[in-house]
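Below is my_file_37.cif, which holds mmCIF, C-alpha atoms.
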```
data_entry
loop_
_atom_site.group_PDB
_atom_site.id
_atom_site.type_symbol
_atom_site.label_atom_id
_atom_site.label_comp_id
_atom_site.auth_asym_id
_atom_site.auth_seq_id
_atom_site.Cartn_x
_atom_site.Cartn_y
_atom_site.Cartn_z
ATOM 1 C CA MET W 428 127.691 -9.747 148.895
ATOM 2 C CA ASN W 429 126.776 -9.922 152.605
ATOM 3 C CA GLN W 430 127.981 -12.597 155.042
ATOM 4 C CA SER W 431 124.644 -14.465 155.434
ATOM 5 C CA ARG W 432 124.159 -14.697 151.660
ATOM 6 C CA MET W 433 127.702 -16.027 151.270
ATOM 7 C CA LYS W 434 127.040 -18.540 154.044
ATOM 8 C CA LYS W 435 123.877 -19.754 152.298
ATOM 9 C CA ILE W 436 125.700 -20.151 148.967
ATOM 10 C CA SER W 437 128.567 -22.039 150.542
ATOM 11 C CA MET W 438 126.155 -24.296 152.517
ATOM 12 C CA SER W 439 124.104 -25.194 149.434
ATOM 13 C CA PHE W 440 127.219 -25.910 147.349
ATOM 14 C CA GLY W 441 128.638 -27.935 150.249
ATOM 15 C CA ILE W 442 125.520 -30.118 150.585
ATOM 16 C CA LEU W 443 125.339 -30.674 146.812
ATOM 17 C CA GLY W 444 129.085 -31.414 146.795
ATOM 18 C CA VAL W 445 128.847 -34.034 149.543
ATOM 19 C CA VAL W 446 125.908 -35.729 147.741
ATOM 20 C CA ALA W 447 127.876 -35.698 144.463
ATOM 21 C CA VAL W 448 130.945 -37.137 146.243
ATOM 22 C CA LEU W 449 128.850 -39.999 147.686
ATOM 23 C CA ILE W 450 127.381 -40.729 144.230
ATOM 24 C CA LEU W 451 130.905 -40.567 142.741
ATOM 25 C CA HIS W 452 132.250 -43.130 145.228
ATOM 26 C CA TYR W 453 129.301 -45.443 144.584
ATOM 27 C CA MET W 454 129.887 -45.182 140.810
ATOM 28 C CA VAL W 455 133.660 -45.673 141.073
ATOM 29 C CA PHE W 456 133.610 -48.687 143.385
ATOM 30 C CA PHE W 457 130.325 -50.448 142.526
ATOM 31 C CA TRP W 458 129.083 -49.349 139.117
ATOM 32 C CA VAL W 459 131.725 -48.455 136.500
ATOM 33 C CA PRO W 460 133.396 -51.434 134.748
ATOM 34 C CA THR W 461 137.092 -52.159 135.194
ATOM 35 C CA GLU W 462 139.219 -50.857 132.338
ATOM 36 C CA SER W 463 140.510 -53.726 130.164
ATOM 37 C CA SER W 464 144.250 -53.026 129.925
ATOM 38 C CA MET W 465 145.148 -51.269 133.204
ATOM 39 C CA GLY W 466 142.694 -52.969 135.517
ATOM 40 C CA ILE W 467 141.581 -51.689 138.912
ATOM 41 C CA VAL W 468 144.259 -48.965 139.167
ATOM 42 C CA GLN W 469 142.538 -47.024 136.356
ATOM 43 C CA ARG W 470 139.896 -46.037 138.945
ATOM 44 C CA ILE W 471 142.371 -43.379 140.151
ATOM 45 C CA PHE W 472 141.410 -41.590 136.889
ATOM 46 C CA TYR W 473 138.078 -40.499 138.446
ATOM 47 C CA ILE W 474 139.831 -38.354 141.089
ATOM 48 C CA HIS W 475 143.048 -37.581 139.206
ATOM 49 C CA VAL W 476 141.373 -35.773 136.283
ATOM 50 C CA PRO W 477 138.835 -33.823 138.448
ATOM 51 C CA SER W 478 141.646 -32.637 140.747
ATOM 52 C CA TRP W 479 143.531 -31.200 137.747
ATOM 53 C CA TRP W 480 140.288 -29.717 136.384
ATOM 54 C CA VAL W 481 139.690 -27.847 139.653
ATOM 55 C CA ALA W 482 143.371 -26.845 139.880
ATOM 56 C CA PHE W 483 143.228 -25.327 136.384
ATOM 57 C CA ILE W 484 139.974 -23.478 137.172
ATOM 58 C CA SER W 485 141.452 -22.090 140.394
ATOM 59 C CA PHE W 486 144.613 -20.890 138.680
ATOM 60 C CA GLY W 487 142.405 -19.334 135.989
ATOM 61 C CA VAL W 488 140.560 -17.478 138.782
ATOM 62 C CA VAL W 489 143.936 -16.436 140.262
ATOM 63 C CA ALA W 490 145.052 -14.964 136.910
ATOM 64 C CA LEU W 491 141.710 -13.223 136.295
ATOM 65 C CA CYS W 492 141.481 -11.718 139.795
ATOM 66 C CA SER W 493 145.199 -10.799 139.771
ATOM 67 C CA GLY W 494 144.825 -8.985 136.447
ATOM 68 C CA MET W 495 141.799 -7.095 137.722
ATOM 69 C CA TYR W 496 143.596 -6.309 140.993
ATOM 70 C CA LEU W 497 146.504 -4.776 139.078
ATOM 71 C CA TRP W 498 144.012 -2.764 137.047
ATOM 72 C CA LEU W 499 141.473 -1.682 139.702
ATOM 73 C CA GLY W 500 143.515 -2.048 142.913
ATOM 74 C CA ASP W 501 140.520 -3.502 144.807
ATOM 75 C CA ASP W 502 141.733 -5.499 147.829
ATOM 76 C CA ARG W 503 138.793 -7.947 147.532
ATOM 77 C CA LEU W 504 140.167 -9.104 144.175
ATOM 78 C CA ASP W 505 143.510 -9.867 145.800
ATOM 79 C CA ALA W 506 141.644 -11.776 148.556
ATOM 80 C CA ALA W 507 139.838 -13.844 145.882
ATOM 81 C CA ALA W 508 143.137 -14.502 144.068
ATOM 82 C CA VAL W 509 144.952 -15.699 147.173
ATOM 83 C CA THR W 510 141.972 -17.894 148.126
ATOM 84 C CA ALA W 511 141.871 -19.492 144.665
ATOM 85 C CA ALA W 512 145.655 -19.980 144.707
ATOM 86 C CA GLU W 513 145.389 -21.841 148.015
ATOM 87 C CA GLY W 514 142.708 -24.153 146.574
ATOM 88 C CA GLY W 515 144.747 -24.562 143.401
ATOM 89 C CA MET W 516 147.774 -25.671 145.411
ATOM 90 C CA ILE W 517 145.678 -28.256 147.303
ATOM 91 C CA PHE W 518 144.188 -29.746 144.123
ATOM 92 C CA THR W 519 147.505 -29.610 142.208
ATOM 93 C CA THR W 520 149.098 -31.537 145.084
ATOM 94 C CA ILE W 521 146.288 -34.125 144.853
ATOM 95 C CA GLY W 522 146.935 -34.452 141.094
ATOM 96 C CA LEU W 523 150.701 -34.702 141.568
ATOM 97 C CA LEU W 524 150.387 -37.382 144.275
ATOM 98 C CA THR W 525 147.644 -39.524 142.707
ATOM 99 C CA GLY W 526 149.357 -39.563 139.281
ATOM 100 C CA PRO W 527 152.486 -41.459 140.426
ATOM 101 C CA LEU W 528 150.327 -44.014 142.288
ATOM 102 C CA TRP W 529 148.604 -44.753 138.971
ATOM 103 C CA GLY W 530 151.819 -44.463 136.915
ATOM 104 C CA LYS W 531 153.722 -46.990 139.054
ATOM 105 C CA ILE W 532 151.249 -49.723 138.050
ATOM 106 C CA ALA W 533 150.504 -48.518 134.503
ATOM 107 C CA TRP W 534 154.016 -47.435 133.412
ATOM 108 C CA GLY W 535 156.179 -49.219 135.973
ATOM 109 C CA ALA W 536 157.634 -45.927 137.290
ATOM 110 C CA TRP W 537 156.570 -43.452 139.969
ATOM 111 C CA TRP W 538 157.852 -40.501 137.990
ATOM 112 C CA THR W 539 159.414 -39.762 134.602
ATOM 113 C CA TRP W 540 160.591 -36.394 133.354
ATOM 114 C CA GLU W 541 158.188 -36.447 130.436
ATOM 115 C CA PRO W 542 156.694 -33.102 129.238
ATOM 116 C CA ARG W 543 153.288 -33.191 130.939
ATOM 117 C CA LEU W 544 154.598 -34.308 134.313
ATOM 118 C CA THR W 545 157.430 -31.786 134.220
ATOM 119 C CA LEU W 546 155.112 -28.904 133.260
ATOM 120 C CA ALA W 547 152.611 -29.946 135.949
ATOM 121 C CA LEU W 548 155.361 -29.904 138.594
ATOM 122 C CA LEU W 549 156.485 -26.525 137.253
ATOM 123 C CA LEU W 550 152.915 -25.222 137.783
ATOM 124 C CA TRP W 551 153.056 -26.322 141.435
ATOM 125 C CA PHE W 552 156.379 -24.510 141.914
ATOM 126 C CA ILE W 553 155.092 -21.342 140.184
ATOM 127 C CA TYR W 554 152.194 -21.094 142.648
ATOM 128 C CA LEU W 555 154.494 -21.937 145.530
ATOM 129 C CA GLY W 556 156.457 -18.917 144.288
ATOM 130 C CA TYR W 557 153.196 -16.912 144.329
ATOM 131 C CA PHE W 558 152.970 -17.393 148.124
ATOM 132 C CA LEU W 559 156.695 -16.921 148.704
ATOM 133 C CA VAL W 560 156.784 -13.611 146.781
ATOM 134 C CA ARG W 561 153.729 -12.437 148.686
ATOM 135 C CA ARG W 562 155.177 -13.169 152.098
ATOM 136 C CA SER W 563 158.789 -12.181 151.478
ATOM 137 C CA ALA W 564 158.146 -8.605 150.315
ATOM 138 C CA LEU W 565 158.859 -5.968 152.973
ATOM 139 C CA ASN W 566 156.048 -3.793 151.683
ATOM 140 C CA PRO W 567 152.795 -5.896 151.743
ATOM 141 C CA GLU W 568 151.210 -3.875 148.905
ATOM 142 C CA LYS W 569 154.261 -4.444 146.701
ATOM 143 C CA GLY W 570 154.148 -8.143 147.640
ATOM 144 C CA LYS W 571 150.525 -8.348 146.492
ATOM 145 C CA ARG W 572 151.346 -6.716 143.169
ATOM 146 C CA LEU W 573 154.363 -8.947 142.539
ATOM 147 C CA ALA W 574 152.320 -12.037 143.455
ATOM 148 C CA ALA W 575 149.610 -10.903 141.015
ATOM 149 C CA VAL W 576 152.221 -10.808 138.233
ATOM 150 C CA VAL W 577 153.387 -14.342 139.165
ATOM 151 C CA GLY W 578 149.729 -15.488 139.182
ATOM 152 C CA ILE W 579 149.213 -14.169 135.646
ATOM 153 C CA ILE W 580 152.478 -15.637 134.304
ATOM 154 C CA GLY W 581 151.761 -18.998 135.962
ATOM 155 C CA VAL W 582 148.490 -19.520 134.136
ATOM 156 C CA LEU W 583 150.391 -19.608 130.807
ATOM 157 C CA ASP W 584 151.658 -23.048 131.844
ATOM 158 C CA ILE W 585 148.127 -24.535 131.735
ATOM 159 C CA PRO W 586 147.641 -24.557 127.926
ATOM 160 C CA LEU W 587 151.169 -25.968 127.614
ATOM 161 C CA ILE W 588 150.223 -28.829 129.958
ATOM 162 C CA HIS W 589 147.121 -29.492 127.848
ATOM 163 C CA VAL W 590 148.869 -29.551 124.451
ATOM 164 C CA SER W 591 152.075 -31.261 125.663
ATOM 165 C CA VAL W 592 150.654 -34.737 124.938
ATOM 166 C CA SER W 593 149.943 -33.945 121.290
ATOM 167 C CA TRP W 594 152.845 -31.579 120.508
ATOM 168 C CA LEU W 595 155.636 -33.426 122.312
ATOM 169 C CA ARG W 596 156.587 -37.051 122.840
ATOM 170 C CA SER W 597 154.753 -38.039 125.992
ATOM 171 C CA LEU W 598 153.880 -41.124 128.028
ATOM 172 C CA HIS W 599 150.481 -39.621 128.829
ATOM 173 C CA PRO W 600 147.641 -40.794 126.593
ATOM 174 C CA GLU W 601 145.931 -38.360 124.196
ATOM 175 C CA ALA W 602 142.897 -36.474 125.546
ATOM 176 C CA VAL W 603 139.961 -38.871 125.936
ATOM 177 C CA VAL W 604 137.265 -36.239 126.617
ATOM 178 C CA LEU W 605 138.387 -32.946 125.044
ATOM 179 C CA ASN W 606 139.305 -34.766 121.846
ATOM 180 C CA PRO W 607 138.666 -33.054 118.452
ATOM 181 C CA ASP W 608 136.889 -36.244 117.296
ATOM 182 C CA GLY W 609 134.678 -36.349 120.390
ATOM 183 C CA PRO W 610 135.093 -38.335 123.645
ATOM 184 C CA THR W 611 136.694 -41.739 123.165
ATOM 185 C CA LEU W 612 135.737 -42.997 126.626
ATOM 186 C CA ASP W 613 133.143 -45.685 127.268
ATOM 187 C CA GLY W 614 129.737 -44.155 128.177
ATOM 188 C CA SER W 615 129.714 -45.367 131.793
ATOM 189 C CA MET W 616 133.297 -44.195 132.355
ATOM 190 C CA LEU W 617 132.466 -40.790 130.867
ATOM 191 C CA ALA W 618 129.397 -40.508 133.126
ATOM 192 C CA THR W 619 131.526 -41.344 136.211
ATOM 193 C CA LEU W 620 134.156 -38.818 135.167
ATOM 194 C CA LEU W 621 131.509 -36.102 134.700
ATOM 195 C CA VAL W 622 130.105 -36.826 138.180
ATOM 196 C CA GLY W 623 133.682 -36.568 139.495
ATOM 197 C CA LEU W 624 134.176 -33.211 137.791
ATOM 198 C CA LEU W 625 130.872 -31.956 139.203
ATOM 199 C CA ALA W 626 131.637 -33.229 142.728
ATOM 200 C CA TYR W 627 135.091 -31.658 142.831
ATOM 201 C CA SER W 628 133.817 -28.382 141.347
ATOM 202 C CA LEU W 629 131.014 -28.131 143.948
ATOM 203 C CA ILE W 630 133.401 -28.920 146.811
ATOM 204 C CA PHE W 631 135.818 -26.298 145.490
ATOM 205 C CA VAL W 632 133.134 -23.585 145.164
ATOM 206 C CA CYS W 633 131.910 -24.339 148.714
ATOM 207 C CA LEU W 634 135.405 -24.193 150.235
ATOM 208 C CA PHE W 635 136.359 -21.187 148.124
ATOM 209 C CA THR W 636 133.417 -19.121 149.433
ATOM 210 C CA VAL W 637 134.151 -20.105 153.059
ATOM 211 C CA ARG W 638 137.855 -19.324 152.686
ATOM 212 C CA TYR W 639 137.141 -16.058 150.836
ATOM 213 C CA ALA W 640 134.773 -14.923 153.614
ATOM 214 C CA THR W 641 137.439 -15.831 156.197
ATOM 215 C CA GLU W 642 140.060 -13.858 154.276
ATOM 216 C CA LEU W 643 137.797 -10.773 154.125
ATOM 217 C CA ILE W 644 137.014 -10.967 157.861
ATOM 218 C CA ASP W 645 140.717 -11.440 158.628
ATOM 219 C CA ARG W 646 141.715 -8.391 156.572
ATOM 220 C CA GLY W 647 138.841 -6.339 158.018
ATOM 221 C CA THR W 648 139.778 -7.067 161.636
ATOM 222 C CA GLN W 649 143.481 -6.417 160.968
ATOM 223 C CA ILE W 650 142.616 -2.969 159.564
ATOM 224 C CA GLN W 651 140.430 -2.230 162.613
ATOM 225 C CA ASP W 652 143.280 -3.278 164.965
ATOM 226 C CA VAL W 653 145.689 -0.903 163.198
ATOM 227 C CA MET S 162 155.198 -93.832 109.278
ATOM 228 C CA ILE S 163 158.898 -93.866 110.163
ATOM 229 C CA GLY S 164 159.678 -92.889 106.598
ATOM 230 C CA PHE S 165 157.247 -89.956 106.770
ATOM 231 C CA MET S 166 158.778 -88.754 110.054
ATOM 232 C CA ARG S 167 162.253 -88.983 108.556
ATOM 233 C CA TYR S 168 161.020 -86.974 105.571
ATOM 234 C CA LEU S 169 159.596 -84.255 107.851
ATOM 235 C CA LEU S 170 162.774 -83.980 109.920
ATOM 236 C CA THR S 171 165.056 -83.757 106.909
ATOM 237 C CA ASN S 172 162.827 -81.324 104.985
ATOM 238 C CA ARG S 173 162.989 -77.655 106.133
ATOM 239 C CA ILE S 174 159.271 -76.990 105.610
ATOM 240 C CA GLY S 175 158.405 -80.149 107.487
ATOM 241 C CA LEU S 176 160.695 -79.208 110.372
ATOM 242 C CA ALA S 177 159.155 -75.724 110.517
ATOM 243 C CA SER S 178 155.642 -77.211 110.690
ATOM 244 C CA ILE S 179 156.645 -79.471 113.608
ATOM 245 C CA VAL S 180 158.098 -76.454 115.474
ATOM 246 C CA MET S 181 154.903 -74.467 114.802
ATOM 247 C CA VAL S 182 152.680 -77.268 116.120
ATOM 248 C CA PHE S 183 154.647 -77.450 119.361
ATOM 249 C CA CYS S 184 155.002 -73.652 119.789
ATOM 250 C CA TYR S 185 151.433 -72.707 118.902
ATOM 251 C CA PRO S 186 149.978 -73.055 122.443
ATOM 252 C CA ALA S 187 152.711 -70.774 123.851
ATOM 253 C CA VAL S 188 152.134 -68.178 121.119
ATOM 254 C CA ALA S 189 148.373 -68.335 121.566
ATOM 255 C CA LEU S 190 148.741 -67.914 125.350
ATOM 256 C CA ALA S 191 151.052 -64.921 124.903
ATOM 257 C CA GLN S 192 148.647 -63.272 122.480
ATOM 258 C CA SER S 193 145.671 -63.881 124.765
ATOM 259 C CA GLY S 194 147.407 -61.861 127.506
ATOM 260 C CA GLY S 195 148.210 -64.697 129.904
ATOM 261 C CA ALA S 196 146.158 -66.949 132.092
ATOM 262 C CA LEU S 197 143.883 -64.131 133.371
ATOM 263 C CA PRO S 198 141.607 -62.177 131.059
ATOM 264 C CA LEU S 199 142.624 -58.541 130.558
ATOM 265 C CA GLY S 200 141.721 -56.139 133.335
ATOM 266 C CA SER S 201 140.853 -58.875 135.815
ATOM 267 C CA GLN S 202 143.498 -58.008 138.413
ATOM 268 C CA THR S 203 142.551 -59.586 141.689
ATOM 269 C CA LEU S 204 144.460 -58.840 144.881
ATOM 270 C CA GLY S 205 147.753 -57.013 145.033
ATOM 271 C CA ARG S 206 149.411 -53.650 144.920
ATOM 272 C CA ALA S 207 146.933 -52.052 142.518
ATOM 273 C CA TYR S 208 144.227 -52.105 145.246
ATOM 274 C CA TRP S 209 146.567 -50.380 147.685
ATOM 275 C CA HIS S 210 147.437 -47.736 145.134
ATOM 276 C CA VAL S 211 143.746 -46.947 144.542
ATOM 277 C CA PHE S 212 143.069 -46.850 148.290
ATOM 278 C CA VAL S 213 146.055 -44.591 149.000
ATOM 279 C CA ALA S 214 145.150 -42.249 146.086
ATOM 280 C CA TYR S 215 141.591 -41.735 147.378
ATOM 281 C CA ALA S 216 142.838 -41.362 150.961
ATOM 282 C CA ILE S 217 145.394 -38.713 149.935
ATOM 283 C CA ALA S 218 142.760 -36.777 147.970
ATOM 284 C CA TRP S 219 140.319 -36.543 150.871
ATOM 285 C CA LEU S 220 143.013 -36.025 153.516
ATOM 286 C CA LEU S 221 144.315 -32.995 151.616
ATOM 287 C CA VAL S 222 140.787 -31.551 151.331
ATOM 288 C CA ALA S 223 140.347 -32.211 155.082
ATOM 289 C CA PHE S 224 143.675 -30.459 155.706
ATOM 290 C CA TRP S 225 142.420 -27.370 153.837
ATOM 291 C CA ILE S 226 139.204 -27.371 155.910
ATOM 292 C CA ALA S 227 141.239 -27.761 159.137
ATOM 293 C CA ALA S 228 143.514 -24.871 158.110
ATOM 294 C CA MET S 229 140.438 -22.696 157.489
ATOM 295 C CA SER S 230 138.868 -23.519 160.846
ATOM 296 C CA ARG S 231 142.190 -22.808 162.625
ATOM 297 C CA ARG S 232 142.309 -19.437 160.887
ATOM 298 C CA LEU S 233 138.705 -18.672 161.898
ATOM 299 C CA PHE S 234 139.531 -19.638 165.508
ATOM 300 C CA ARG S 235 142.500 -17.228 165.464
ATOM 301 C CA ILE S 236 140.308 -14.420 164.086
ATOM 302 C CA GLU S 237 137.676 -15.067 166.785
ATOM 303 C CA ASN S 238 140.371 -14.907 169.469
ATOM 304 C CA ARG S 239 141.697 -11.646 168.067
ATOM 305 C CA ILE S 240 138.208 -10.109 167.943
ATOM 306 C CA SER S 241 137.360 -11.213 171.487
ATOM 307 C CA LYS S 242 140.698 -9.814 172.758
ATOM 308 C CA SER S 243 140.096 -6.473 171.068
ATOM 309 C CA VAL S 244 136.555 -6.356 172.565
ATOM 310 C CA ASP S 245 138.002 -7.099 176.072
ATOM 311 C CA ASP S 246 140.615 -4.361 175.656
#
```

Please express what this file holds, its structure, as structure tokens.
Amino acid sequence: MNQSRMKKISMSFGILGVVAVLILHYMVFFWVPTESSMGIVQRIFYIHVPSWWVAFISFGVVALCSGMYLWLGDDRLDAAAVTAAEGGMIFTTIGLLTGPLWGKIAWGAWWTWEPRLTLALLLWFIYLGYFLVRRSALNPEKGKRLAAVVGIIGVLDIPLIHVSVSWLRSLHPEAVVLNPDGPTLDGSMLATLLVGLLAYSLIFVCLFTVRYATELIDRGTQIQDV
Amino acid sequence: MIGFMRYLLTNRIGLASIVMVFCYPAVALAQSGGALPLGSQTLGRAYWHVFVAYAIAWLLVAFWIAAMSRRLFRIENRISKSVDD
């Protein structure tokens, strides 16, 4: 894919993302009704869930690209994996910071060592390890391969995070969208959540393409310098 | 009347009904969720928590964009240096 085509894709996703973000903020603050038991603080839900959604997608991309990198050895796949991991870390941090702000009002505690929270924090540390392994290896190629292994192992934590609320005793509520009996959310809340998911996904795709292009240019110029 | 009151106070069922009459408003208030209807939080910490959560989310995205632009600036500098050399 050439640079101008990538630029066009990232621009169009960026514009759509900004429009979706504006619509999301209008819906969250002026349109969606206040939840009956938790009150105004429940509005954090509309950024908390999309941030985890994007984080899970990015770590899925990391695992996929890492697996293919180990198989094919193409440096572009490693560039895509490291780009997705960076985005994943940003959105995991958003999820980990917005959750306690909601939990303090809803549960009366900033943090509890309950299964979902603990596994989510573990995910953050696994991908922190991904960057540390990458940078600490003396041989950069070996560092890339080791990081790819960490990226693949790390993604195994995601299904555990998802099922932790139903398999283990957890403070987190059961899934309200991906529920076997169908979504249990009110229609307007579900619509706002879907706009949130779309907005965050578009912003992520836009930033991912920009960052991926930057990574390729960076690697290309470093090779030329050598 | 005095005889009836004396009967109520000495009889266990009568005493229980007097207690229920006096306690009912408190029980009803507790079951209704307090003076405010559910979900009608007005001012207070909850607003700050929502504001801070949204601010954190967009500040972190802005941080990622800033990190990317700094990286691009560094690449541009490196390319221009190598062209000068």

Might you spell out which residues the PyMOL selection byres ((chain S and resi 218) around 9) would select in the displayed file, as a count of residues only?
19

Just the number, please: distance in Å from CA of Tyr473 in chain W to CA of Leu620 in chain W, one decimal.
5.4 Å

Could you write out as a ChimeraX atom specification the residues of chain W within 10 Å of chain S, counting only C-alpha atoms?
/W:452,460-475,478,513-514,517-518,520-522,524-533,630-631,634,637-642,644-646,648-649,651-652

Name all residues at most 10 Å from range 535-552 of chain W (count only C-alpha atoms; drop same-chain ones fewer than 6 positions away) and give them as a PyMOL selection string.
chain W and resi 479+482-483+486+515-520+522-524+526-529+581-585+587-592+594-599

Would you put the residues from that selection into a file with C-alpha atoms, as an mmCIF file, keeping the file's coordinate frame?
```cif
data_model
loop_
_atom_site.group_PDB
_atom_site.id
_atom_site.type_symbol
_atom_site.label_atom_id
_atom_site.label_comp_id
_atom_site.auth_asym_id
_atom_site.auth_seq_id
_atom_site.Cartn_x
_atom_site.Cartn_y
_atom_site.Cartn_z
ATOM 1 C CA TRP W 479 143.531 -31.200 137.747
ATOM 2 C CA ALA W 482 143.371 -26.845 139.880
ATOM 3 C CA PHE W 483 143.228 -25.327 136.384
ATOM 4 C CA PHE W 486 144.613 -20.890 138.680
ATOM 5 C CA GLY W 515 144.747 -24.562 143.401
ATOM 6 C CA MET W 516 147.774 -25.671 145.411
ATOM 7 C CA ILE W 517 145.678 -28.256 147.303
ATOM 8 C CA PHE W 518 144.188 -29.746 144.123
ATOM 9 C CA THR W 519 147.505 -29.610 142.208
ATOM 10 C CA THR W 520 149.098 -31.537 145.084
ATOM 11 C CA GLY W 522 146.935 -34.452 141.094
ATOM 12 C CA LEU W 523 150.701 -34.702 141.568
ATOM 13 C CA LEU W 524 150.387 -37.382 144.275
ATOM 14 C CA GLY W 526 149.357 -39.563 139.281
ATOM 15 C CA PRO W 527 152.486 -41.459 140.426
ATOM 16 C CA LEU W 528 150.327 -44.014 142.288
ATOM 17 C CA TRP W 529 148.604 -44.753 138.971
ATOM 18 C CA GLY W 581 151.761 -18.998 135.962
ATOM 19 C CA VAL W 582 148.490 -19.520 134.136
ATOM 20 C CA LEU W 583 150.391 -19.608 130.807
ATOM 21 C CA ASP W 584 151.658 -23.048 131.844
ATOM 22 C CA ILE W 585 148.127 -24.535 131.735
ATOM 23 C CA LEU W 587 151.169 -25.968 127.614
ATOM 24 C CA ILE W 588 150.223 -28.829 129.958
ATOM 25 C CA HIS W 589 147.121 -29.492 127.848
ATOM 26 C CA VAL W 590 148.869 -29.551 124.451
ATOM 27 C CA SER W 591 152.075 -31.261 125.663
ATOM 28 C CA VAL W 592 150.654 -34.737 124.938
ATOM 29 C CA TRP W 594 152.845 -31.579 120.508
ATOM 30 C CA LEU W 595 155.636 -33.426 122.312
ATOM 31 C CA ARG W 596 156.587 -37.051 122.840
ATOM 32 C CA SER W 597 154.753 -38.039 125.992
ATOM 33 C CA LEU W 598 153.880 -41.124 128.028
ATOM 34 C CA HIS W 599 150.481 -39.621 128.829
#
```

Residues matched by the PyMOL selection byres ((chain W and resi 436) around 12), written as number ranges by chain:
W: 428-435, 437-444, 629-630, 632-637, 640

Around range 536-554 of chain W, with edges along x, y and z and 6 Å added on all six sides, what centre and edge lengths do you get, in Å to one decimal, as AutoDock Vina command-line options?
```
--center_x 156.4 --center_y -33.5 --center_z 135.9 --size_x 20.4 --size_y 36.8 --size_z 25.4
```

One number please: CA of Val448 in chain W to CA of Gly623 in chain W, in Å, one decimal.
7.3 Å

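Residue nearest Gly500 in chain W, chosen from W:Val446, W:Ala575, W:Val560, W:Leu624 and counting all atoms listed in the file: W:Ala575.
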
Could you work out how far CA of Tyr627 in chain W lies from CA of Trp534 in chain W, giving the answer in Å with one decimal?
26.4 Å

Name the residues that the PyMOL selection byres ((chain W and resi 492) around 8) pulls out of this structure, and write them as a CSV table (one decimal) with C-alpha atoms, in the coordinates of the input.
```
chain,number,residue,atom,x,y,z
W,488,VAL,CA,140.6,-17.5,138.8
W,489,VAL,CA,143.9,-16.4,140.3
W,490,ALA,CA,145.1,-15.0,136.9
W,491,LEU,CA,141.7,-13.2,136.3
W,493,SER,CA,145.2,-10.8,139.8
W,494,GLY,CA,144.8,-9.0,136.4
W,495,MET,CA,141.8,-7.1,137.7
W,496,TYR,CA,143.6,-6.3,141.0
W,504,LEU,CA,140.2,-9.1,144.2
W,505,ASP,CA,143.5,-9.9,145.8
W,507,ALA,CA,139.8,-13.8,145.9
W,508,ALA,CA,143.1,-14.5,144.1
```

Calculated over only C-alpha atoms, which of the candidates W:Pro600, W:Val459, W:Arg572, W:Ile580 has the smallest distance to Leu499 in chain W?
W:Arg572

Output range 221-233 of chain S with N, CA and C atoms present, as a tab-separated table (two decimals), keeping the file's coordinate frame.
```tsv
chain	number	residue	atom	x	y	z
S	221	LEU	N	143.87	-34.35	151.97
S	221	LEU	CA	144.32	-32.99	151.62
S	221	LEU	C	143.16	-31.99	151.67
S	222	VAL	N	141.97	-32.44	151.23
S	222	VAL	CA	140.79	-31.55	151.33
S	222	VAL	C	140.48	-31.29	152.82
S	223	ALA	N	140.58	-32.36	153.63
S	223	ALA	CA	140.35	-32.21	155.08
S	223	ALA	C	141.38	-31.27	155.70
S	224	PHE	N	142.61	-31.34	155.21
S	224	PHE	CA	143.68	-30.46	155.71
S	224	PHE	C	143.34	-29.00	155.41
S	225	TRP	N	142.80	-28.75	154.22
S	225	TRP	CA	142.42	-27.37	153.84
S	225	TRP	C	141.29	-26.87	154.75
S	226	ILE	N	140.32	-27.75	155.03
S	226	ILE	CA	139.20	-27.37	155.91
S	226	ILE	C	139.73	-27.08	157.32
S	227	ALA	N	140.66	-27.94	157.80
S	227	ALA	CA	141.24	-27.76	159.14
S	227	ALA	C	142.01	-26.44	159.20
S	228	ALA	N	142.75	-26.13	158.14
S	228	ALA	CA	143.51	-24.87	158.11
S	228	ALA	C	142.58	-23.67	158.17
S	229	MET	N	141.42	-23.79	157.47
S	229	MET	CA	140.44	-22.70	157.49
S	229	MET	C	139.84	-22.52	158.88
S	230	SER	N	139.50	-23.63	159.53
S	230	SER	CA	138.87	-23.52	160.85
S	230	SER	C	139.87	-22.97	161.87
S	231	ARG	N	141.17	-23.34	161.72
S	231	ARG	CA	142.19	-22.81	162.62
S	231	ARG	C	142.31	-21.30	162.45
S	232	ARG	N	142.22	-20.87	161.19
S	232	ARG	CA	142.31	-19.44	160.89
S	232	ARG	C	141.11	-18.68	161.49
S	233	LEU	N	139.92	-19.29	161.33
S	233	LEU	CA	138.71	-18.67	161.90
S	233	LEU	C	138.81	-18.56	163.42
```
